[in-house]
file my_file_7.cif (mmCIF, C-alpha atoms)
data_run
#
loop_
_atom_site.label_atom_id
_atom_site.label_comp_id
_atom_site.auth_asym_id
_atom_site.auth_seq_id
_atom_site.Cartn_x
_atom_site.Cartn_y
_atom_site.Cartn_z
CA MET A 1 50.52 64.89 210.16
CA PHE A 2 52.14 67.90 208.57
CA THR A 3 54.26 66.09 206.02
CA SER A 4 53.94 67.12 202.43
CA THR A 5 56.08 67.40 199.38
CA VAL A 6 58.69 70.04 198.90
CA LEU A 7 60.93 70.77 195.96
CA SER A 8 64.32 69.20 196.25
CA PRO A 9 67.04 71.80 196.86
CA GLU A 10 69.44 69.51 194.97
CA CYS A 11 67.31 69.78 191.87
CA ASP A 12 69.57 71.40 189.35
CA PRO A 13 69.00 70.06 185.88
CA SER A 14 71.87 71.78 184.09
CA PRO A 15 74.87 73.14 185.98
CA VAL A 16 76.39 74.61 182.82
CA ALA A 17 74.42 76.24 180.04
CA ASN A 18 75.21 78.74 177.38
CA GLY A 19 71.92 80.56 176.91
CA ALA A 20 69.73 81.43 179.84
CA LYS A 21 66.51 80.36 178.23
CA MET A 22 63.58 78.90 180.08
CA GLY A 23 64.70 75.42 180.99
CA ASP A 24 62.67 72.50 182.17
CA PRO A 25 61.32 73.15 185.60
CA CYS A 26 62.65 71.14 188.50
CA PRO A 27 60.68 67.94 188.86
CA GLU A 28 58.95 67.78 192.18
CA ALA A 29 60.57 65.31 194.53
CA VAL A 30 59.69 64.21 198.01
CA ILE A 31 62.56 64.73 200.39
CA GLY A 32 60.68 64.50 203.61
CA THR A 33 59.68 66.87 206.35
CA LYS A 34 61.42 70.13 207.03
CA THR A 35 61.57 71.77 210.40
CA LEU A 36 61.35 75.49 211.00
CA ASN A 37 63.53 77.02 213.64
CA ASP A 38 60.71 77.22 216.18
CA GLY A 39 60.75 73.43 216.26
CA THR A 40 57.30 73.01 214.77
CA PRO A 41 57.41 70.23 212.21
CA ASP A 42 55.83 71.55 209.07
CA SER A 43 56.34 71.47 205.39
CA VAL A 44 57.94 74.59 204.05
CA ALA A 45 58.58 75.53 200.49
CA PRO A 46 62.17 75.20 199.29
CA TRP A 47 64.70 77.73 200.56
CA VAL A 48 62.44 79.39 203.11
CA THR A 49 64.09 77.45 205.94
CA GLU A 50 67.55 78.40 204.69
CA LEU A 51 66.71 82.09 204.30
CA LEU A 52 65.10 82.25 207.74
CA ALA A 53 68.19 80.58 209.22
CA VAL A 54 70.35 83.21 207.52
CA ARG A 55 68.00 85.93 208.77
CA ASP A 56 67.53 84.78 212.34
CA GLN A 57 70.72 82.85 213.15
CA ARG A 58 73.17 84.32 210.61
CA ASP A 59 73.68 80.67 209.64
CA GLU A 60 76.60 80.48 207.23
CA GLU A 61 76.01 76.84 206.23
CA ALA A 62 72.47 77.74 205.20
CA PHE A 63 73.82 80.75 203.30
CA ILE A 64 76.23 78.51 201.36
CA ARG A 65 73.29 76.34 200.27
CA VAL A 66 71.41 79.47 199.19
CA PHE A 67 74.48 80.62 197.28
CA GLU A 68 74.93 77.31 195.50
CA HIS A 69 71.33 77.26 194.34
CA PHE A 70 70.75 80.90 193.47
CA ALA A 71 74.11 82.31 192.30
CA PRO A 72 74.21 80.27 189.05
CA ARG A 73 70.59 81.24 188.30
CA VAL A 74 71.18 84.91 189.02
CA LYS A 75 74.23 84.78 186.76
CA ALA A 76 72.16 83.21 183.97
CA PHE A 77 69.41 85.80 184.49
CA LEU A 78 71.87 88.71 184.35
CA MET A 79 73.52 87.33 181.21
CA ARG A 80 70.11 87.17 179.60
CA THR A 81 69.59 90.86 180.41
CA GLY A 82 72.65 91.70 178.33
CA MET A 83 75.66 91.39 180.65
CA ASP A 84 78.74 89.45 179.54
CA ALA A 85 79.77 86.43 181.61
CA ALA A 86 82.44 88.24 183.64
CA LEU A 87 80.18 91.14 184.62
CA ALA A 88 77.28 88.78 185.36
CA GLU A 89 79.56 86.71 187.60
CA GLU A 90 80.70 89.80 189.53
CA CYS A 91 77.12 91.08 189.88
CA ALA A 92 75.80 87.66 190.93
CA GLN A 93 78.39 87.66 193.73
CA GLU A 94 77.24 91.09 194.84
CA VAL A 95 73.59 90.00 194.71
CA LEU A 96 74.39 87.14 197.10
CA VAL A 97 76.28 89.49 199.43
CA THR A 98 73.12 91.64 199.46
CA VAL A 99 71.05 88.54 200.29
CA TRP A 100 73.23 88.13 203.40
CA ASN A 101 73.15 91.82 204.31
CA LYS A 102 69.42 92.34 203.79
CA ALA A 103 68.22 89.02 205.16
CA HIS A 104 66.65 90.89 208.11
CA LEU A 105 64.19 92.42 205.60
CA TYR A 106 63.01 89.06 204.25
CA ASP A 107 59.31 88.45 204.95
CA ALA A 108 58.18 84.95 204.02
CA THR A 109 54.50 85.97 204.02
CA ARG A 110 55.07 88.52 201.26
CA ALA A 111 57.60 86.86 198.94
CA SER A 112 59.00 83.45 198.10
CA PRO A 113 62.80 83.14 198.26
CA SER A 114 62.98 83.15 194.44
CA THR A 115 60.88 86.31 194.30
CA TRP A 116 63.00 88.05 196.90
CA VAL A 117 66.28 87.09 195.22
CA PHE A 118 64.80 88.18 191.89
CA THR A 119 64.07 91.69 193.27
CA ILE A 120 67.69 92.04 194.41
CA ALA A 121 69.00 90.83 191.03
CA ARG A 122 66.59 93.18 189.23
CA ASN A 123 67.83 96.15 191.25
CA LYS A 124 71.41 95.17 190.49
CA LYS A 125 70.54 95.08 186.78
CA ILE A 126 69.04 98.60 186.92
CA ASP A 127 72.01 99.87 188.88
CA VAL A 128 74.61 98.43 186.48
CA LEU A 129 72.90 98.61 183.08
CA ARG A 130 70.82 101.78 183.45
CA LYS A 131 73.21 103.48 185.90
CA GLN A 132 70.21 104.36 188.02
CA ARG A 133 69.05 103.57 191.45
CA ARG A 134 65.51 102.31 191.73
CA PRO A 135 63.12 104.31 193.91
CA GLU A 136 61.53 101.83 196.34
CA PRO A 137 58.18 102.20 198.09
CA GLU A 138 58.23 103.33 201.70
CA ASP A 139 58.64 100.19 203.75
CA LEU A 140 56.00 99.08 206.20
CA PRO A 141 57.68 98.72 209.58
CA TRP A 142 57.20 95.58 211.60
CA GLY A 143 54.52 95.87 214.23
CA PRO A 144 54.67 94.23 217.66
CA GLU A 145 52.65 91.18 216.58
CA ALA A 146 54.07 90.84 213.13
CA GLU A 147 55.59 87.37 213.65
CA PRO A 148 53.89 85.46 210.82
CA ASP A 149 52.32 82.07 211.30
CA GLN A 150 53.27 78.94 209.40
CA ALA A 151 50.04 78.78 207.43
CA ASP A 152 50.65 82.25 205.99
CA ILE A 153 54.17 81.34 204.95
CA LEU A 154 53.13 78.03 203.44
CA GLY A 155 50.15 79.58 201.66
CA LEU A 156 52.29 82.20 199.97
CA GLN A 157 54.89 79.64 198.91
CA GLN A 158 52.18 77.41 197.43
CA GLU A 159 50.68 80.33 195.52
CA SER A 160 54.14 81.11 194.16
CA GLU A 161 54.59 77.55 192.95
CA GLN A 162 51.17 77.62 191.31
CA LEU A 163 52.07 80.87 189.59
CA GLY A 164 55.29 79.29 188.32
CA ARG A 165 53.35 76.33 186.90
CA ALA A 166 50.80 78.66 185.31
CA LEU A 167 53.63 80.61 183.67
CA ARG A 168 55.13 77.42 182.26
CA ASP A 169 51.74 76.32 180.96
CA LEU A 170 51.10 79.51 179.01
CA PRO A 171 51.20 79.32 175.21
CA ALA A 172 54.84 79.66 174.12
CA LYS A 173 54.36 83.04 172.46
CA GLN A 174 52.75 84.60 175.52
CA ARG A 175 55.32 83.10 177.88
CA GLU A 176 58.16 84.44 175.76
CA LEU A 177 56.65 87.92 175.92
CA ILE A 178 56.63 87.81 179.72
CA GLU A 179 60.18 86.47 179.87
CA LYS A 180 61.32 89.22 177.52
CA ALA A 181 59.71 91.82 179.75
CA TYR A 182 61.60 90.54 182.80
CA PHE A 183 64.87 90.20 180.92
CA GLY A 184 64.51 93.85 179.90
CA GLU A 185 63.99 93.14 176.21
CA LEU A 186 60.68 95.00 175.98
CA SER A 187 59.93 98.66 176.52
CA HIS A 188 57.03 99.59 178.73
CA SER A 189 54.85 100.41 175.72
CA GLU A 190 55.49 96.94 174.31
CA ILE A 191 54.22 95.21 177.43
CA ALA A 192 50.72 94.07 176.70
CA GLU A 193 48.09 94.95 179.24
CA GLN A 194 46.53 91.52 179.15
CA THR A 195 49.18 89.02 180.14
CA GLY A 196 46.78 86.27 181.07
CA LEU A 197 48.63 85.56 184.30
CA PRO A 198 46.52 84.27 187.19
CA LEU A 199 47.66 86.82 189.74
CA GLY A 200 44.39 87.06 191.67
CA THR A 201 45.05 84.61 194.50
CA ILE A 202 48.66 85.56 195.14
CA LYS A 203 47.67 89.22 195.12
CA SER A 204 44.93 88.66 197.71
CA ARG A 205 47.34 86.72 199.89
CA ILE A 206 49.95 89.48 199.83
CA ARG A 207 47.14 91.99 200.46
CA LEU A 208 46.11 89.98 203.53
CA ALA A 209 49.69 89.99 204.84
CA LEU A 210 49.82 93.78 204.37
CA ASP A 211 46.48 94.26 206.14
CA ARG A 212 47.76 92.28 209.12
CA LEU A 213 50.91 94.33 209.17
CA ARG A 214 48.93 97.58 209.10
CA HIS A 215 46.62 96.27 211.79
CA SER A 216 49.45 95.29 214.09
CA MET A 217 50.88 98.81 213.80
CA LYS A 218 47.76 100.39 215.26
CA MET B 1 42.62 106.75 203.19
CA THR B 2 40.96 105.08 200.26
CA VAL B 3 42.72 105.31 196.93
CA LYS B 4 40.27 105.12 194.02
CA HIS B 5 42.52 105.62 191.02
CA HIS B 6 45.24 103.02 190.64
CA LEU B 7 48.25 102.14 188.50
CA THR B 8 47.64 100.09 185.37
CA ASP B 9 48.82 96.49 185.10
CA ASP B 10 51.32 97.27 182.36
CA LEU B 11 53.01 99.91 184.55
CA LEU B 12 53.08 97.59 187.58
CA MET B 13 54.59 94.81 185.51
CA ALA B 14 57.17 97.11 183.91
CA TYR B 15 58.07 98.49 187.38
CA SER B 16 58.59 94.98 188.67
CA ALA B 17 60.60 93.99 185.60
CA GLY B 18 62.78 97.09 185.88
CA ASP B 19 61.88 98.37 182.41
CA LEU B 20 60.81 101.94 183.31
CA PRO B 21 62.65 105.28 183.23
CA GLU B 22 63.76 106.55 186.64
CA ALA B 23 61.08 109.27 186.83
CA VAL B 24 58.32 106.71 186.19
CA ASN B 25 59.81 104.37 188.82
CA LEU B 26 59.68 107.29 191.24
CA ILE B 27 55.97 107.99 190.75
CA VAL B 28 55.14 104.26 190.87
CA ALA B 29 57.08 103.84 194.13
CA THR B 30 55.41 106.94 195.58
CA HIS B 31 51.92 105.73 194.67
CA ILE B 32 52.63 102.25 196.08
CA SER B 33 53.73 103.91 199.35
CA LEU B 34 50.16 105.25 199.62
CA CYS B 35 48.23 102.31 198.16
CA ASP B 36 48.22 98.76 199.56
CA GLU B 37 46.19 97.50 196.60
CA CYS B 38 48.98 98.40 194.17
CA ARG B 39 51.64 97.31 196.68
CA ALA B 40 50.09 93.82 196.66
CA ALA B 41 49.83 93.89 192.86
CA ALA B 42 53.50 94.91 192.55
CA GLY B 43 54.36 92.05 194.92
CA SER B 44 52.51 89.61 192.68
CA TYR B 45 54.38 90.88 189.61
CA ASP B 46 57.62 90.39 191.55
CA ALA B 47 56.45 86.80 192.06
CA VAL B 48 56.25 86.46 188.26
CA GLY B 49 59.88 87.65 188.19
CA GLY B 50 60.71 84.99 190.78
CA ALA B 51 59.08 82.36 188.58
CA VAL B 52 61.08 83.58 185.57
CA LEU B 53 64.28 83.35 187.65
CA ASP B 54 63.32 79.82 188.74
CA THR B 55 62.97 78.66 185.17
CA CYS B 56 66.28 80.18 184.03
CA ASP B 57 68.95 77.62 183.32
CA SER B 58 71.93 78.07 185.57
CA VAL B 59 75.38 79.22 184.47
CA GLU B 60 78.25 77.85 186.51
CA MET B 61 79.98 80.31 188.82
CA SER B 62 83.77 80.47 188.87
CA LYS B 63 85.58 78.18 191.31
CA SER B 64 86.61 80.99 193.63
CA SER B 65 83.23 82.76 193.72
CA LEU B 66 81.94 81.26 196.97
CA THR B 67 85.20 82.08 198.76
CA SER B 68 85.07 85.66 197.41
CA VAL B 69 81.50 86.11 198.62
CA LEU B 70 82.26 84.69 202.08
CA ASP B 71 85.33 86.97 202.28
CA MET B 72 83.16 89.99 201.42
CA ILE B 73 80.66 89.02 204.10
CA HIS B 74 83.32 88.52 206.76
CA ALA B 75 85.11 91.75 205.88
CA GLN B 76 82.02 93.84 206.54
CA ASP B 77 80.45 91.91 209.40
CA THR B 78 81.99 94.18 212.00
CA LYS B 79 79.19 96.66 211.48
CA THR B 80 75.59 95.53 211.19
CA ALA B 81 73.60 96.02 208.04
CA GLU B 82 71.08 98.24 209.84
CA GLU B 83 73.73 100.77 210.81
CA ARG B 84 74.55 101.45 207.18
CA ILE B 85 70.99 102.39 206.23
CA ALA B 86 70.22 106.07 206.74
CA ALA B 87 66.88 106.70 208.42
CA PRO B 88 64.33 107.75 205.79
CA VAL B 89 63.03 111.31 205.89
CA LYS B 90 59.57 111.53 207.48
CA ASP B 91 57.14 113.96 205.91
CA ASP B 92 53.34 114.19 206.03
CA VAL B 93 53.01 115.12 202.35
CA PHE B 94 55.90 113.28 200.69
CA PRO B 95 56.25 109.50 201.12
CA ALA B 96 59.84 108.28 201.63
CA PRO B 97 60.87 107.70 197.98
CA LEU B 98 59.75 111.22 197.01
CA ALA B 99 61.25 112.88 200.11
CA ASP B 100 64.47 111.18 199.08
CA TYR B 101 64.46 112.94 195.67
CA VAL B 102 63.37 116.29 197.11
CA GLY B 103 66.05 116.03 199.78
CA GLY B 104 63.54 116.54 202.57
CA GLY B 105 59.94 117.56 203.13
CA LEU B 106 57.64 120.15 201.58
CA ASP B 107 59.72 123.02 203.03
CA GLN B 108 62.75 121.86 201.01
CA VAL B 109 61.12 122.22 197.56
CA ARG B 110 62.68 124.91 195.35
CA TRP B 111 59.56 126.11 193.54
CA ARG B 112 59.69 128.14 190.34
CA SER B 113 56.74 130.09 189.04
CA ALA B 114 55.01 128.64 185.99
CA GLY B 115 52.44 131.46 185.66
CA MET B 116 48.83 131.85 186.87
CA GLY B 117 49.95 131.09 190.41
CA VAL B 118 51.07 127.62 189.39
CA LYS B 119 54.53 126.62 190.63
CA GLN B 120 56.70 123.72 189.65
CA ALA B 121 59.92 122.01 190.66
CA ILE B 122 61.68 119.52 188.40
CA LEU B 123 63.29 116.62 190.25
CA PRO B 124 66.68 115.17 189.31
CA THR B 125 66.14 111.93 187.36
CA SER B 126 67.49 110.39 184.17
CA LYS B 127 66.53 112.27 180.99
CA ASP B 128 64.28 109.63 179.41
CA ALA B 129 61.31 110.99 181.39
CA THR B 130 60.66 114.03 183.56
CA ALA B 131 59.34 114.18 187.13
CA ARG B 132 58.01 117.50 188.43
CA LEU B 133 56.18 118.64 191.49
CA LEU B 134 53.24 120.92 190.69
CA TYR B 135 51.66 123.41 193.07
CA ILE B 136 48.22 124.44 191.84
CA PRO B 137 46.31 127.11 193.81
CA ALA B 138 42.79 126.08 194.90
CA GLY B 139 40.30 126.41 192.02
CA THR B 140 42.98 126.98 189.34
CA ALA B 141 42.96 125.12 186.03
CA ILE B 142 46.02 123.74 184.22
CA PRO B 143 45.62 124.56 180.49
CA ASP B 144 43.98 121.93 178.32
CA HIS B 145 46.72 119.71 176.96
CA GLY B 146 47.42 116.41 175.26
CA HIS B 147 50.65 114.42 175.24
CA HIS B 148 53.06 112.83 172.85
CA GLY B 149 53.54 110.02 175.32
CA LEU B 150 52.44 109.07 178.79
CA GLU B 151 51.47 111.47 181.57
CA LEU B 152 51.07 110.27 185.15
CA THR B 153 49.72 112.59 187.84
CA LEU B 154 49.70 111.61 191.51
CA VAL B 155 47.92 113.79 194.09
CA LEU B 156 49.90 114.39 197.31
CA LYS B 157 47.81 117.17 198.86
CA GLY B 158 44.38 118.63 198.04
CA ALA B 159 42.55 117.28 195.02
CA PHE B 160 41.82 117.95 191.35
CA GLN B 161 39.04 117.16 188.96
CA ASP B 162 39.15 116.60 185.22
CA GLU B 163 37.47 114.58 182.47
CA GLY B 164 38.86 111.41 184.13
CA GLY B 165 37.17 112.00 187.51
CA TYR B 166 37.97 113.33 190.98
CA PHE B 167 41.49 112.68 192.30
CA GLY B 168 42.43 112.98 195.98
CA ARG B 169 45.61 112.14 197.91
CA GLY B 170 47.11 108.87 196.69
CA ASP B 171 45.06 108.79 193.48
CA ILE B 172 47.02 108.55 190.24
CA GLU B 173 45.78 109.55 186.79
CA VAL B 174 47.28 107.56 183.94
CA ALA B 175 46.76 109.67 180.81
CA SER B 176 47.56 108.13 177.46
CA GLU B 177 48.56 109.84 174.25
CA ASP B 178 45.02 110.65 173.10
CA LEU B 179 43.62 112.13 176.32
CA HIS B 180 43.11 115.88 176.26
CA HIS B 181 42.26 117.08 179.73
CA THR B 182 41.97 120.19 181.85
CA PRO B 183 42.70 119.41 185.48
CA VAL B 184 41.17 121.91 187.91
CA ALA B 185 42.35 122.03 191.52
CA ASP B 186 39.61 121.55 194.12
CA ILE B 187 38.36 124.84 195.58
CA SER B 188 38.84 123.79 199.21
CA GLU B 189 42.65 123.79 199.28
CA ASP B 190 45.78 124.19 197.16
CA CYS B 191 46.78 121.05 195.31
CA ILE B 192 50.25 119.48 195.19
CA CYS B 193 50.91 116.76 192.63
CA LEU B 194 53.80 114.72 191.32
CA ALA B 195 53.57 114.64 187.52
CA VAL B 196 55.67 112.49 185.22
CA THR B 197 55.84 112.72 181.44
CA ASP B 198 57.95 110.74 179.02
CA ALA B 199 57.63 113.36 176.23
CA PRO B 200 56.81 117.11 176.13
CA LEU B 201 53.18 118.14 176.63
CA LYS B 202 51.13 119.52 173.72
CA PHE B 203 48.98 122.51 174.60
CA LYS B 204 45.94 123.29 172.51
CA GLY B 205 45.75 127.05 173.04
CA LEU B 206 48.19 129.45 171.34
CA VAL B 207 49.39 131.21 174.51
CA PRO B 208 50.37 128.08 176.44
CA ARG B 209 52.11 126.82 173.29
CA ILE B 210 54.27 129.94 173.21
CA ALA B 211 54.87 129.70 176.93
CA GLN B 212 55.82 126.02 176.80
CA PRO B 213 59.54 126.46 176.02
CA PHE B 214 59.85 128.91 178.91
CA LEU B 215 57.99 126.69 181.37
CA GLY B 216 60.05 123.73 180.37
CA ILE B 217 56.93 121.57 180.31
#
call {"tool": "encode", "arguments": {"input": "my_file_7.cif", "output": "structure tokens"}}
result
Amino acid sequence: MFTSTVLSPECDPSPVANGAKMGDPCPEAVIGTKTLNDGTPDSVAPWVTELLAVRDQRDEEAFIRVFEHFAPRVKAFLMRTGMDAALAEECAQEVLVTVWNKAHLYDATRASPSTWVFTIARNKKIDVLRKQRRPEPEDLPWGPEAEPDQADILGLQQESEQLGRALRDLPAKQRELIEKAYFGELSHSEIAEQTGLPLGTIKSRIRLALDRLRHSMK
Amino acid sequence: MTVKHHLTDDLLMAYSAGDLPEAVNLIVATHISLCDECRAAAGSYDAVGGAVLDTCDSVEMSKSSLTSVLDMIHAQDTKTAEERIAAPVKDDVFPAPLADYVGGGLDQVRWRSAGMGVKQAILPTSKDATARLLYIPAGTAIPDHGHHGLELTLVLKGAFQDEGGYFGRGDIEVASEDLHHTPVADISEDCICLAVTDAPLKFKGLVPRIAQPFLGI
């Protein structure tokens, strides 16, 4: 049938940590079949179901689960970018409020939940540390047939997990360089052009989602 | 529209990571608005950011944090999120992020003469890099120049040609420190570009060098 493995939402190796260094990744654990809100049994990557419930049903219970998973990680991420604990805490709260407010913009065929939360945390970082707002690309409006299908959502989530594994498997020196770039510890000129990241498949998948979106607008 | 000249991977990654000056973010966002290829690439660099966030350890939130967040959500839920977002300005020449900085469409630009029929308008961004709109009459050349740092030029209307190739709407030229080039606007129509530099330009000829402080370029 459609059962497959998903990451356990309970997977949280270290609730308290001082540094926000790369930790051990969550071990994969089978927790059974998840059900999307259209009733189709299918396996969905972690947190997609919760975010879609927040988006489509304004489901507060689902939001609390999202908060409990992401807020401590966002706080760790923001501390690593140079904020003290109190400021990072305040900003992490605001990031999660934005998750609630902007849930209607979440598109599971273009970003995993982690990716989407990362972009909100990144914008918060720019806002607070650089005192700038970040110019965003013109958004592509939803077309009439834009409702994505399960395979597109699942495909993107699987690509994201593969990318995460590839990042963890990089030689330590190279991985540290990428982490530093995302924590804001490198200037643009220090970012090497060749990062060795396997972005090809995830890029084509996002490209496909964009093409569909463009097509449905015609 | 087919964009032929794209952003480089280091710029896309730095945009995603949030490591760029505001003016550079602006030109990247404007190019991505016109280029699905780079939009998908930026999305994949965001996915790297998501993977970095996933592998962060977590730092415990304070006991009251969930209550505070739920209170914030409840306090504002009377109005919907959509109502608070102003409708973006629509313009045929300027994509939304640029129209936002101009404060409207092409008719809202406050041009200043830069000599030889060339006009420019500097946009309000942080000082670590400069964003300017350039208006280059059809067939006109911008003096041969090199750079101390990076120069990015995005075509919004018309086209130009230089040592790097032919650039039409949506195309972006990424010129590094060592590139000396003389962009010439296509003869068929006037050319409007968004140009971003992170250091002053160096002109080769004596006259442009004298003019440089006055042009502010």
call {"tool": "atom_distance", "arguments": {"input": "my_file_7.cif", "atom1": "CA of Val155 in chain B", "atom2": "CA of Asp171 in chain B"}}
result
5.8 Å
call {"tool": "residues_near_point", "arguments": {"input": "my_file_7.cif", "point": "(57.7, 97.7, 198.9)", "cutoff": "8 Å", "atoms": "all atoms listed in the file", "output": "PyMOL selection string"}}
result
(chain A and resi 136-140) or (chain B and resi 29+32-33+39+43)
call {"tool": "resolve_selection", "arguments": {"input": "my_file_7.cif", "expression": "the PyMOL selection byres ((chain B) within 7 of (chain A))", "output": "ChimeraX atom specification"}}
result
/B:9-10,14,17-20,22,25-26,29-30,32-33,36-37,40-41,44,46-47,49-61,65,69,73,81,95-97
call {"tool": "resolve_selection", "arguments": {"input": "my_file_7.cif", "expression": "the PyMOL selection byres ((chain B and resi 141) around 8)", "output": "list in words"}}
result
Ile136, Gly139, Thr140, Ile142, Pro143, Thr182, Pro183, Val184 and Ala185 of chain B
call {"tool": "atom_distance", "arguments": {"input": "my_file_7.cif", "atom1": "CA of Ile27 in chain B", "atom2": "CA of Leu156 in chain B"}}
result
11.0 Å
call {"tool": "residues_near_point", "arguments": {"input": "my_file_7.cif", "point": "(48.7, 124.3, 195.8)", "cutoff": "9 Å", "atoms": "all atoms listed in the file", "output": "number ranges by chain"}}
result
B: 117-119, 134-138, 157-158, 185, 189-193
call {"tool": "atom_distance", "arguments": {"input": "my_file_7.cif", "atom1": "CA of Leu98 in chain B", "atom2": "CA of Val174 in chain B"}}
result
18.4 Å
call {"tool": "residues_around", "arguments": {"input": "my_file_7.cif", "residues": "Val28 in chain B", "least_positions_apart": "6", "cutoff": "8 Å", "atoms": "only C-alpha atoms", "output": "PyMOL selection string"}}
result
chain B and resi 7+11-12+15
call {"tool": "residues_around", "arguments": {"input": "my_file_7.cif", "residues": "Ala53 in chain A", "least_positions_apart": "3", "cutoff": "10 Å", "atoms": "all atoms listed in the file", "output": "list in words"}}
result
Leu36, Asn37, Trp47, Val48, Thr49, Glu50, Asp56, Gln57, Arg58, Asp59, Glu60, Glu61, Ala62, Phe63 and Ala103 of chain A
call {"tool": "resolve_selection", "arguments": {"input": "my_file_7.cif", "expression": "the PyMOL selection byres ((chain B and resi 3) around 9)", "output": "PyMOL selection string"}}
result
chain B and resi 1-2+4-6+34-37+167-172
call {"tool": "write_last_selection", "arguments": {"input": "my_file_7.cif", "atoms": "C-alpha atoms", "output": "PDB file, in the coordinates of the input"}}
result
ATOM      1  CA  MET B   1      42.620 106.750 203.190  1.00  0.00           C
ATOM      2  CA  THR B   2      40.960 105.080 200.260  1.00  0.00           C
ATOM      3  CA  LYS B   4      40.270 105.120 194.020  1.00  0.00           C
ATOM      4  CA  HIS B   5      42.520 105.620 191.020  1.00  0.00           C
ATOM      5  CA  HIS B   6      45.240 103.020 190.640  1.00  0.00           C
ATOM      6  CA  LEU B  34      50.160 105.250 199.620  1.00  0.00           C
ATOM      7  CA  CYS B  35      48.230 102.310 198.160  1.00  0.00           C
ATOM      8  CA  ASP B  36      48.220  98.760 199.560  1.00  0.00           C
ATOM      9  CA  GLU B  37      46.190  97.500 196.600  1.00  0.00           C
ATOM     10  CA  PHE B 167      41.490 112.680 192.300  1.00  0.00           C
ATOM     11  CA  GLY B 168      42.430 112.980 195.980  1.00  0.00           C
ATOM     12  CA  ARG B 169      45.610 112.140 197.910  1.00  0.00           C
ATOM     13  CA  GLY B 170      47.110 108.870 196.690  1.00  0.00           C
ATOM     14  CA  ASP B 171      45.060 108.790 193.480  1.00  0.00           C
ATOM     15  CA  ILE B 172      47.020 108.550 190.240  1.00  0.00           C
TER      16      ILE B 172
END
call {"tool": "axis_aligned_box", "arguments": {"input": "my_file_7.cif", "around": "range 3-17 of chain B", "padding_each_side": "4 Å", "output": "JSON"}}
result
{"center_x": 50.4, "center_y": 99.8, "center_z": 189.6, "size_x": 28.3, "size_y": 19.6, "size_z": 22.6}
call {"tool": "residues_around", "arguments": {"input": "my_file_7.cif", "residues": "Leu106 in chain B", "least_positions_apart": "3", "cutoff": "8 Å", "atoms": "all atoms listed in the file", "output": "number ranges by chain"}}
result
B: 91, 93-94, 109
call {"tool": "closest_residue", "arguments": {"input": "my_file_7.cif", "among": "B:Ala42, B:Val24, B:Met116, B:Ile187", "to": "Phe160 in chain B", "atoms": "all atoms listed in the file"}}
result
B:Ile187
call {"tool": "closest_residue", "arguments": {"input": "my_file_7.cif", "among": "B:Ala131, B:Ala114, B:Ala175, B:Ala75", "to": "Val102 in chain B", "atoms": "all atoms listed in the file"}}
result
B:Ala131
call {"tool": "build_atoms", "arguments": {"input": "my_file_7.cif", "residues": "range 113-123 of chain B", "atoms": "N, CA and C atoms", "output": "mmCIF file, in the frame of the given file"}}
result
data_model
loop_
_atom_site.group_PDB
_atom_site.id
_atom_site.type_symbol
_atom_site.label_atom_id
_atom_site.label_comp_id
_atom_site.auth_asym_id
_atom_site.auth_seq_id
_atom_site.Cartn_x
_atom_site.Cartn_y
_atom_site.Cartn_z
ATOM 1 N N SER B 113 58.058 129.708 189.538
ATOM 2 C CA SER B 113 56.740 130.090 189.040
ATOM 3 C C SER B 113 56.545 129.588 187.611
ATOM 4 N N ALA B 114 55.352 129.082 187.346
ATOM 5 C CA ALA B 114 55.010 128.640 185.990
ATOM 6 C C ALA B 114 53.845 129.466 185.462
ATOM 7 N N GLY B 115 53.535 130.599 186.103
ATOM 8 C CA GLY B 115 52.440 131.460 185.660
ATOM 9 C C GLY B 115 51.111 131.087 186.273
ATOM 10 N N MET B 116 50.188 132.048 186.343
ATOM 11 C CA MET B 116 48.830 131.850 186.870
ATOM 12 C C MET B 116 48.834 131.275 188.291
ATOM 13 N N GLY B 117 49.884 131.566 189.032
ATOM 14 C CA GLY B 117 49.950 131.090 190.410
ATOM 15 C C GLY B 117 50.444 129.660 190.536
ATOM 16 N N VAL B 118 50.585 128.995 189.384
ATOM 17 C CA VAL B 118 51.070 127.620 189.390
ATOM 18 C C VAL B 118 52.590 127.632 189.576
ATOM 19 N N LYS B 119 53.081 126.736 190.429
ATOM 20 C CA LYS B 119 54.530 126.620 190.630
ATOM 21 C C LYS B 119 54.953 125.196 190.311
ATOM 22 N N GLN B 120 56.204 125.068 189.909
ATOM 23 C CA GLN B 120 56.700 123.720 189.650
ATOM 24 C C GLN B 120 58.151 123.569 190.091
ATOM 25 N N ALA B 121 58.530 122.328 190.317
ATOM 26 C CA ALA B 121 59.920 122.010 190.660
ATOM 27 C C ALA B 121 60.260 120.703 189.968
ATOM 28 N N ILE B 122 61.277 120.736 189.110
ATOM 29 C CA ILE B 122 61.680 119.520 188.400
ATOM 30 C C ILE B 122 62.675 118.743 189.262
ATOM 31 N N LEU B 123 62.451 117.455 189.383
ATOM 32 C CA LEU B 123 63.290 116.620 190.250
ATOM 33 C C LEU B 123 64.399 115.961 189.426
#
